[in-house]
Amino acid sequence: MSPALFNILVMNIGSTSTKVACYKDTELIAGSNIPFEKNLLSPHHDLAGQIPERKKQILDFIAEYGVELSTLDIVVSRGGVGAPCPSGIYEVNQAMCDDLLSTRFAKHDSSLGPVISKDIARECRIKAIVVDPPSTDEFHPLARISGLPDIERGSVLHALSQKAAARRAAAIIGRPYSELNFVVAHLGGDISVGAHSKGRVIDSTHGLYEGPFTPERAGGLPTLPLVSLARGQSVSAVRDILVGGSGLKAYLGTDDAREVEEMIKDGDEKALLVFEAMAYQIAKDIGAMATVIKGNLDGIVITGGLAYSERLINWIKDRISFIGSVFVFPGEDEMLALAEGGLRVLKGEEQIKTYSTDSCMIIPENKN
């Protein structure tokens, strides 16, 4: 008789959608990407103001597909931006929820997921967990120095996506992720490029404020011109420009790479220049992260929605292939990665960690 399969509810909350799925082990049973209209909320809403509608979307999905809450074994959510912490799987507790809703570390819609997952899990009397949250911090001490004592470089990256893609590459190589060295680039609406040393991300571009420009974000900018740009504007106004009104959107009027590709096909030379410049910056940061691992690489891994663009990937490969083997996994398998994390817990293959603000902010020193 084959062993019983586990029922896993997965959720991933983003700025414009609520992704929810049910798995039996790692087999997708039902899934949906539900649009979320923020413009229906008060312009002064806080994160908590979204909870009733977001939770309703998830419960409606469960009802539509006939999933019985009583049959669930675990609820898994994409993590929010909480206290810096080592990678791993954390049970969602009140300390985590308090940090996320206070936005003390950052305001991001993903922070709603753990809060809602805890509510649903409590009703089912099961655990709610997050896997490799965005605030995963395994930086080498050298990586924290910015050049200005008042500003420390922080770790905010697509940890879940990067680590899942690195594990896929490790499986192809036939060795554990914890034994290998990779540079991993997540290419989506946000971009982060990380140096993975023996299972730890010891340096990475910041997913919001550093690295290559993205479809809608500025990435790293020359500092003095940035000061001039900010003069006379509020911090929130400048932030809105840098993380939502820059990149492809600012240059070309769209943040959709598919539209940019069509512009290029129609002979738009500016679109060609800007799109290749994004590839150039991505390749440059991949090269920089290769130096962090002193060139001792087992591969370069590229993932995310932009990896579907053969044009972009070919430009990047042309500049980085001399460094090492390149693995390309187009799209985002974050939902599956979350389900896999839940399954590892249910099978006893990985221990759950306890989140607390103070203990999480004490990051073990990385000797690599």
# chains A, B, ... in the order shown; residues from 1 in each chain; ligands from 1
$ residues_around --residues "region 239-251 of chain A" --least-positions-apart "6" --cutoff "7 Å" --atoms "only C-alpha atoms" --output "compact mmCIF listing (two decimals) with C-alpha atoms, in the first residue's frame"
# COMPACT_ATOMS: atom_id res chain seq x y z
CA LEU A 208 14.67 46.92 -3.92
CA PHE A 213 17.63 48.28 -13.17
CA THR A 214 14.48 46.22 -13.65
CA PRO A 215 11.18 46.58 -15.50
CA GLU A 216 10.05 49.11 -12.87
CA ARG A 217 12.96 49.75 -10.47
CA ALA A 218 16.03 51.93 -10.78
$ residues_around --residues "Arg153 (chain A)" --least-positions-apart "2" --cutoff "8 Å" --atoms "only C-alpha atoms" --output "list in words"
Ala143, Arg144, Ile145, Ser146, Ile151 and Ser155 of chain A
$ write_last_selection --atoms "N, CA and C atoms" --output "PDB file, in the first residue's frame"
ATOM      1  N   ALA A 143      30.383  41.774   3.324  1.00  0.00           N
ATOM      2  CA  ALA A 143      29.304  42.211   2.439  1.00  0.00           C
ATOM      3  C   ALA A 143      28.442  43.293   3.070  1.00  0.00           C
ATOM      4  N   ARG A 144      28.539  43.477   4.369  1.00  0.00           N
ATOM      5  CA  ARG A 144      27.684  44.443   5.060  1.00  0.00           C
ATOM      6  C   ARG A 144      28.227  45.874   4.975  1.00  0.00           C
ATOM      7  N   ILE A 145      29.504  46.024   4.660  1.00  0.00           N
ATOM      8  CA  ILE A 145      30.114  47.350   4.628  1.00  0.00           C
ATOM      9  C   ILE A 145      29.698  48.070   3.351  1.00  0.00           C
ATOM     10  N   SER A 146      29.155  49.282   3.513  1.00  0.00           N
ATOM     11  CA  SER A 146      28.627  50.005   2.351  1.00  0.00           C
ATOM     12  C   SER A 146      29.583  51.061   1.821  1.00  0.00           C
ATOM     13  N   ILE A 151      25.125  53.685   6.950  1.00  0.00           N
ATOM     14  CA  ILE A 151      24.316  52.822   6.087  1.00  0.00           C
ATOM     15  C   ILE A 151      24.981  51.461   5.980  1.00  0.00           C
ATOM     16  N   SER A 155      20.371  42.460   3.607  1.00  0.00           N
ATOM     17  CA  SER A 155      20.022  41.320   2.763  1.00  0.00           C
ATOM     18  C   SER A 155      18.519  41.288   2.540  1.00  0.00           C
TER      19      SER A 155
END
$ select_by_dssp --residues "region 3-135 of chain A" --states "strand (DSSP E)" --output "ChimeraX atom specification"
/A:7-13,17-24,27-35,74-77,89-91,127-131
$ closest_residue --among "A:Ile191, A:Leu47, A:Ala257, A:Ala283" --to "Val156 (chain A)" --atoms "only C-alpha atoms"
A:Ile191
$ atom_distance --atom1 "CA of Val130 (chain A)" --atom2 "CA of Tyr90 (chain A)"
5.4 Å
$ select_by_dssp --residues "region 109-274 of chain A" --states "helix (DSSP H, G or I)" --output "compact mmCIF listing (two decimals) with N, CA and C atoms, in the first residue's frame"
# COMPACT_ATOMS: atom_id res chain seq x y z
N ASP A 109 3.55 43.89 0.48
CA ASP A 109 2.30 43.12 0.51
C ASP A 109 2.52 41.66 0.86
N SER A 110 3.71 41.13 0.58
CA SER A 110 3.98 39.73 0.91
C SER A 110 3.87 39.47 2.41
N SER A 111 3.99 40.52 3.21
CA SER A 111 3.90 40.36 4.67
C SER A 111 2.50 39.95 5.13
N LEU A 112 1.51 40.08 4.26
CA LEU A 112 0.15 39.67 4.62
C LEU A 112 0.00 38.15 4.64
N GLY A 113 0.77 37.45 3.82
CA GLY A 113 0.63 36.01 3.69
C GLY A 113 0.78 35.25 5.00
N PRO A 114 1.88 35.47 5.73
CA PRO A 114 2.03 34.75 6.99
C PRO A 114 0.90 35.04 7.99
N VAL A 115 0.44 36.28 8.03
CA VAL A 115 -0.63 36.65 8.97
C VAL A 115 -1.91 35.87 8.63
N ILE A 116 -2.27 35.85 7.36
CA ILE A 116 -3.48 35.13 6.95
C ILE A 116 -3.31 33.63 7.11
N SER A 117 -2.12 33.13 6.80
CA SER A 117 -1.88 31.68 6.94
C SER A 117 -2.03 31.24 8.39
N LYS A 118 -1.59 32.10 9.31
CA LYS A 118 -1.72 31.77 10.73
C LYS A 118 -3.19 31.70 11.14
N ASP A 119 -4.01 32.62 10.62
CA ASP A 119 -5.44 32.60 10.93
C ASP A 119 -6.08 31.30 10.45
N ILE A 120 -5.79 30.92 9.22
CA ILE A 120 -6.39 29.71 8.65
C ILE A 120 -5.88 28.47 9.37
N ALA A 121 -4.58 28.43 9.66
CA ALA A 121 -4.01 27.27 10.34
C ALA A 121 -4.58 27.11 11.74
N ARG A 122 -4.82 28.23 12.41
CA ARG A 122 -5.39 28.15 13.76
C ARG A 122 -6.78 27.53 13.72
N GLU A 123 -7.56 27.89 12.71
CA GLU A 123 -8.90 27.31 12.57
C GLU A 123 -8.83 25.81 12.30
N CYS A 124 -7.75 25.38 11.64
CA CYS A 124 -7.61 23.95 11.30
C CYS A 124 -6.80 23.18 12.35
N PRO A 141 30.48 39.09 6.73
CA PRO A 141 30.68 40.43 7.32
C PRO A 141 31.20 41.46 6.32
N LEU A 142 32.04 41.03 5.38
CA LEU A 142 32.56 41.97 4.39
C LEU A 142 31.45 42.55 3.52
N ALA A 143 30.38 41.77 3.32
CA ALA A 143 29.30 42.21 2.44
C ALA A 143 28.44 43.29 3.07
N ARG A 144 28.54 43.48 4.37
CA ARG A 144 27.68 44.44 5.06
C ARG A 144 28.23 45.87 4.98
N ALA A 159 14.99 35.11 -1.86
CA ALA A 159 15.64 33.93 -1.27
C ALA A 159 14.94 32.65 -1.68
N LEU A 160 13.62 32.64 -1.62
CA LEU A 160 12.87 31.43 -1.95
C LEU A 160 13.13 31.01 -3.40
N SER A 161 13.00 31.96 -4.31
CA SER A 161 13.20 31.67 -5.73
C SER A 161 14.64 31.29 -6.02
N GLN A 162 15.58 32.05 -5.47
CA GLN A 162 16.99 31.78 -5.73
C GLN A 162 17.39 30.40 -5.22
N LYS A 163 16.99 30.08 -4.00
CA LYS A 163 17.41 28.80 -3.42
C LYS A 163 16.72 27.63 -4.12
N ALA A 164 15.46 27.80 -4.50
CA ALA A 164 14.76 26.73 -5.22
C ALA A 164 15.44 26.45 -6.56
N ALA A 165 15.82 27.52 -7.27
CA ALA A 165 16.49 27.35 -8.56
C ALA A 165 17.87 26.72 -8.37
N ALA A 166 18.57 27.13 -7.32
CA ALA A 166 19.88 26.54 -7.05
C ALA A 166 19.77 25.06 -6.73
N ARG A 167 18.72 24.67 -6.00
CA ARG A 167 18.51 23.25 -5.70
C ARG A 167 18.22 22.46 -6.98
N ARG A 168 17.50 23.07 -7.92
CA ARG A 168 17.24 22.40 -9.20
C ARG A 168 18.55 22.18 -9.96
N ALA A 169 19.41 23.18 -9.96
CA ALA A 169 20.71 23.02 -10.63
C ALA A 169 21.55 21.96 -9.94
N ALA A 170 21.50 21.95 -8.60
CA ALA A 170 22.26 20.95 -7.84
C ALA A 170 21.77 19.54 -8.17
N ALA A 171 20.45 19.38 -8.34
CA ALA A 171 19.91 18.06 -8.68
C ALA A 171 20.41 17.61 -10.04
N ILE A 172 20.53 18.53 -10.98
CA ILE A 172 21.06 18.19 -12.31
C ILE A 172 22.53 17.78 -12.20
N ILE A 173 23.28 18.50 -11.38
CA ILE A 173 24.69 18.16 -11.18
C ILE A 173 24.84 16.84 -10.44
N TYR A 177 22.89 20.80 -2.72
CA TYR A 177 23.04 22.26 -2.79
C TYR A 177 24.04 22.74 -1.75
N SER A 178 24.05 22.11 -0.59
CA SER A 178 24.91 22.54 0.51
C SER A 178 26.39 22.30 0.25
N GLU A 179 26.72 21.60 -0.83
CA GLU A 179 28.13 21.34 -1.17
C GLU A 179 28.62 22.18 -2.34
N THR A 223 25.18 58.48 -6.80
CA THR A 223 24.63 59.04 -5.55
C THR A 223 24.35 60.53 -5.60
N LEU A 224 25.27 61.35 -6.08
CA LEU A 224 25.04 62.79 -6.04
C LEU A 224 23.89 63.23 -6.95
N PRO A 225 23.79 62.71 -8.17
CA PRO A 225 22.59 63.05 -8.96
C PRO A 225 21.29 62.60 -8.28
N LEU A 226 21.34 61.51 -7.54
CA LEU A 226 20.15 61.04 -6.83
C LEU A 226 19.76 62.04 -5.75
N VAL A 227 20.75 62.60 -5.05
CA VAL A 227 20.46 63.61 -4.03
C VAL A 227 19.76 64.81 -4.66
N SER A 228 20.23 65.21 -5.83
CA SER A 228 19.60 66.34 -6.53
C SER A 228 18.16 66.02 -6.91
N LEU A 229 17.94 64.80 -7.37
CA LEU A 229 16.58 64.37 -7.74
C LEU A 229 15.64 64.44 -6.54
N ALA A 230 16.16 64.08 -5.37
CA ALA A 230 15.33 63.99 -4.17
C ALA A 230 15.05 65.34 -3.53
N VAL A 235 10.28 61.52 1.14
CA VAL A 235 10.92 60.21 1.01
C VAL A 235 10.00 59.25 0.27
N SER A 236 8.71 59.26 0.60
CA SER A 236 7.79 58.32 -0.04
C SER A 236 7.66 58.61 -1.54
N ALA A 237 7.69 59.88 -1.91
CA ALA A 237 7.59 60.23 -3.33
C ALA A 237 8.81 59.74 -4.10
N VAL A 238 9.99 59.91 -3.51
CA VAL A 238 11.21 59.44 -4.17
C VAL A 238 11.21 57.92 -4.23
N ARG A 239 10.76 57.28 -3.15
CA ARG A 239 10.70 55.82 -3.14
C ARG A 239 9.78 55.32 -4.26
N ASP A 240 8.65 55.98 -4.44
CA ASP A 240 7.72 55.56 -5.49
C ASP A 240 8.37 55.64 -6.87
N ILE A 241 9.21 56.64 -7.07
CA ILE A 241 9.92 56.76 -8.34
C ILE A 241 10.92 55.63 -8.51
N LEU A 242 11.70 55.37 -7.45
CA LEU A 242 12.81 54.43 -7.55
C LEU A 242 12.35 52.98 -7.66
N VAL A 243 11.26 52.62 -6.96
CA VAL A 243 10.87 51.21 -6.93
C VAL A 243 9.59 50.91 -7.70
N GLY A 244 9.01 51.91 -8.34
CA GLY A 244 7.81 51.64 -9.12
C GLY A 244 7.69 52.42 -10.41
N GLY A 247 13.35 52.16 -14.36
CA GLY A 247 13.67 51.03 -15.22
C GLY A 247 13.02 51.13 -16.60
N LEU A 248 12.60 50.00 -17.13
CA LEU A 248 11.97 49.98 -18.45
C LEU A 248 10.77 50.93 -18.51
N LYS A 249 10.03 50.99 -17.41
CA LYS A 249 8.83 51.82 -17.36
C LYS A 249 9.17 53.29 -17.61
N ALA A 250 10.27 53.76 -17.00
CA ALA A 250 10.65 55.16 -17.15
C ALA A 250 11.21 55.45 -18.54
N TYR A 251 12.00 54.53 -19.06
CA TYR A 251 12.63 54.74 -20.37
C TYR A 251 11.66 54.55 -21.53
N LEU A 252 10.78 53.54 -21.40
CA LEU A 252 10.00 53.10 -22.56
C LEU A 252 8.49 53.17 -22.37
N ALA A 257 8.11 43.32 -20.41
CA ALA A 257 9.21 42.98 -21.31
C ALA A 257 8.70 42.47 -22.66
N ARG A 258 7.52 41.86 -22.65
CA ARG A 258 6.97 41.37 -23.92
C ARG A 258 6.63 42.53 -24.85
N GLU A 259 6.13 43.61 -24.29
CA GLU A 259 5.86 44.79 -25.10
C GLU A 259 7.16 45.40 -25.62
N VAL A 260 8.20 45.37 -24.79
CA VAL A 260 9.50 45.89 -25.23
C VAL A 260 10.03 45.07 -26.40
N GLU A 261 9.87 43.75 -26.32
CA GLU A 261 10.32 42.89 -27.42
C GLU A 261 9.57 43.24 -28.71
N GLU A 262 8.28 43.53 -28.61
CA GLU A 262 7.52 43.91 -29.80
C GLU A 262 8.01 45.24 -30.36
N MET A 263 8.36 46.16 -29.46
CA MET A 263 8.91 47.45 -29.90
C MET A 263 10.21 47.24 -30.67
N ILE A 264 11.04 46.32 -30.17
CA ILE A 264 12.30 46.03 -30.85
C ILE A 264 12.05 45.43 -32.23
N LYS A 265 11.09 44.50 -32.30
CA LYS A 265 10.75 43.89 -33.59
C LYS A 265 10.26 44.92 -34.60
N GLU A 269 14.89 51.59 -31.95
CA GLU A 269 16.30 51.50 -31.55
C GLU A 269 16.49 51.84 -30.07
N LYS A 270 15.68 52.74 -29.54
CA LYS A 270 15.79 53.07 -28.12
C LYS A 270 15.42 51.85 -27.27
N ALA A 271 14.37 51.16 -27.64
CA ALA A 271 13.97 49.95 -26.91
C ALA A 271 15.08 48.91 -26.95
N LEU A 272 15.72 48.76 -28.10
CA LEU A 272 16.83 47.82 -28.23
C LEU A 272 17.96 48.19 -27.30
N LEU A 273 18.32 49.47 -27.27
CA LEU A 273 19.42 49.94 -26.43
C LEU A 273 19.12 49.72 -24.95
N VAL A 274 17.93 50.11 -24.51
CA VAL A 274 17.59 50.02 -23.09
C VAL A 274 17.48 48.56 -22.64
$ residues_around --residues "Ile202 (chain A)" --least-positions-apart "4" --cutoff "6 Å" --atoms "only C-alpha atoms" --output "PDB file with C-alpha atoms, in the first residue's frame"
ATOM      1  CA  GLU A 138      23.462  34.958   5.630  1.00  0.00           C
ATOM      2  CA  PHE A 139      25.812  37.738   4.541  1.00  0.00           C
ATOM      3  CA  HIS A 140      29.543  37.562   5.035  1.00  0.00           C
ATOM      4  CA  ALA A 195      26.409  34.517  -4.362  1.00  0.00           C
TER       5      ALA A 195
END
$ residues_around --residues "Ile282 (chain A)" --least-positions-apart "5" --cutoff "9 Å" --atoms "only C-alpha atoms" --output "list in words"
Ala185, Leu187, Ile191, Ser192, Val193, Gly211, Pro212, Phe213, Ala277, Gly287 and Ile316 of chain A
$ residues_around --residues "Ser32 (chain A)" --least-positions-apart "6" --cutoff "8 Å" --atoms "only C-alpha atoms" --output "PyMOL selection string"
chain A and resi 19-21+61
$ closest_residue --among "A:Glu37, A:Asp150, A:Asp190, A:Glu91" --to "Arg78 (chain A)" --atoms "only C-alpha atoms"
A:Glu91
$ atom_distance --atom1 "CA of His206 (chain A)" --atom2 "CA of Gly154 (chain A)"
7.1 Å
$ closest_residue --among "A:Ser197, A:Ser87, A:Ser102, A:Asn93" --to "Lys294 (chain A)" --atoms "only C-alpha atoms"
A:Ser197
$ atom_distance --atom1 "CA of Gly299 (chain A)" --atom2 "CA of Glu349 (chain A)"
26.0 Å
$ residues_around --residues "Thr16 (chain A)" --least-positions-apart "4" --cutoff "10 Å" --atoms "only C-alpha atoms" --output "list in words"
Asn33, Ile34, Pro35, Phe36, Glu37, Lys38 and Asp109 of chain A
$ write_last_selection --atoms "C-alpha atoms" --output "PDB file, in the first residue's frame"
ATOM      1  CA  ASN A  33      -3.759  33.631  -9.505  1.00  0.00           C
ATOM      2  CA  ILE A  34      -6.474  36.002  -8.311  1.00  0.00           C
ATOM      3  CA  PRO A  35      -6.181  39.707  -9.227  1.00  0.00           C
ATOM      4  CA  PHE A  36      -6.332  42.139  -6.307  1.00  0.00           C
ATOM      5  CA  GLU A  37      -7.609  45.658  -6.903  1.00  0.00           C
ATOM      6  CA  LYS A  38      -5.898  48.014  -4.475  1.00  0.00           C
ATOM      7  CA  ASP A 109       2.304  43.121   0.515  1.00  0.00           C
TER       8      ASP A 109
END
$ residues_around --residues "Asn7 (chain A)" --least-positions-apart "4" --cutoff "6 Å" --atoms "only C-alpha atoms" --output "MDAnalysis selection string"
chainID A and resid 23:24 72:73
$ closest_residue --among "A:Gly194, A:Pro149, A:Gly88, A:Gly31" --to "Gln351 (chain A)" --atoms "only C-alpha atoms"
A:Gly88
$ closest_residue --among "A:Val81, A:Ala30, A:Val292, A:Leu297" --to "Ser325 (chain A)" --atoms "only C-alpha atoms"
A:Leu297
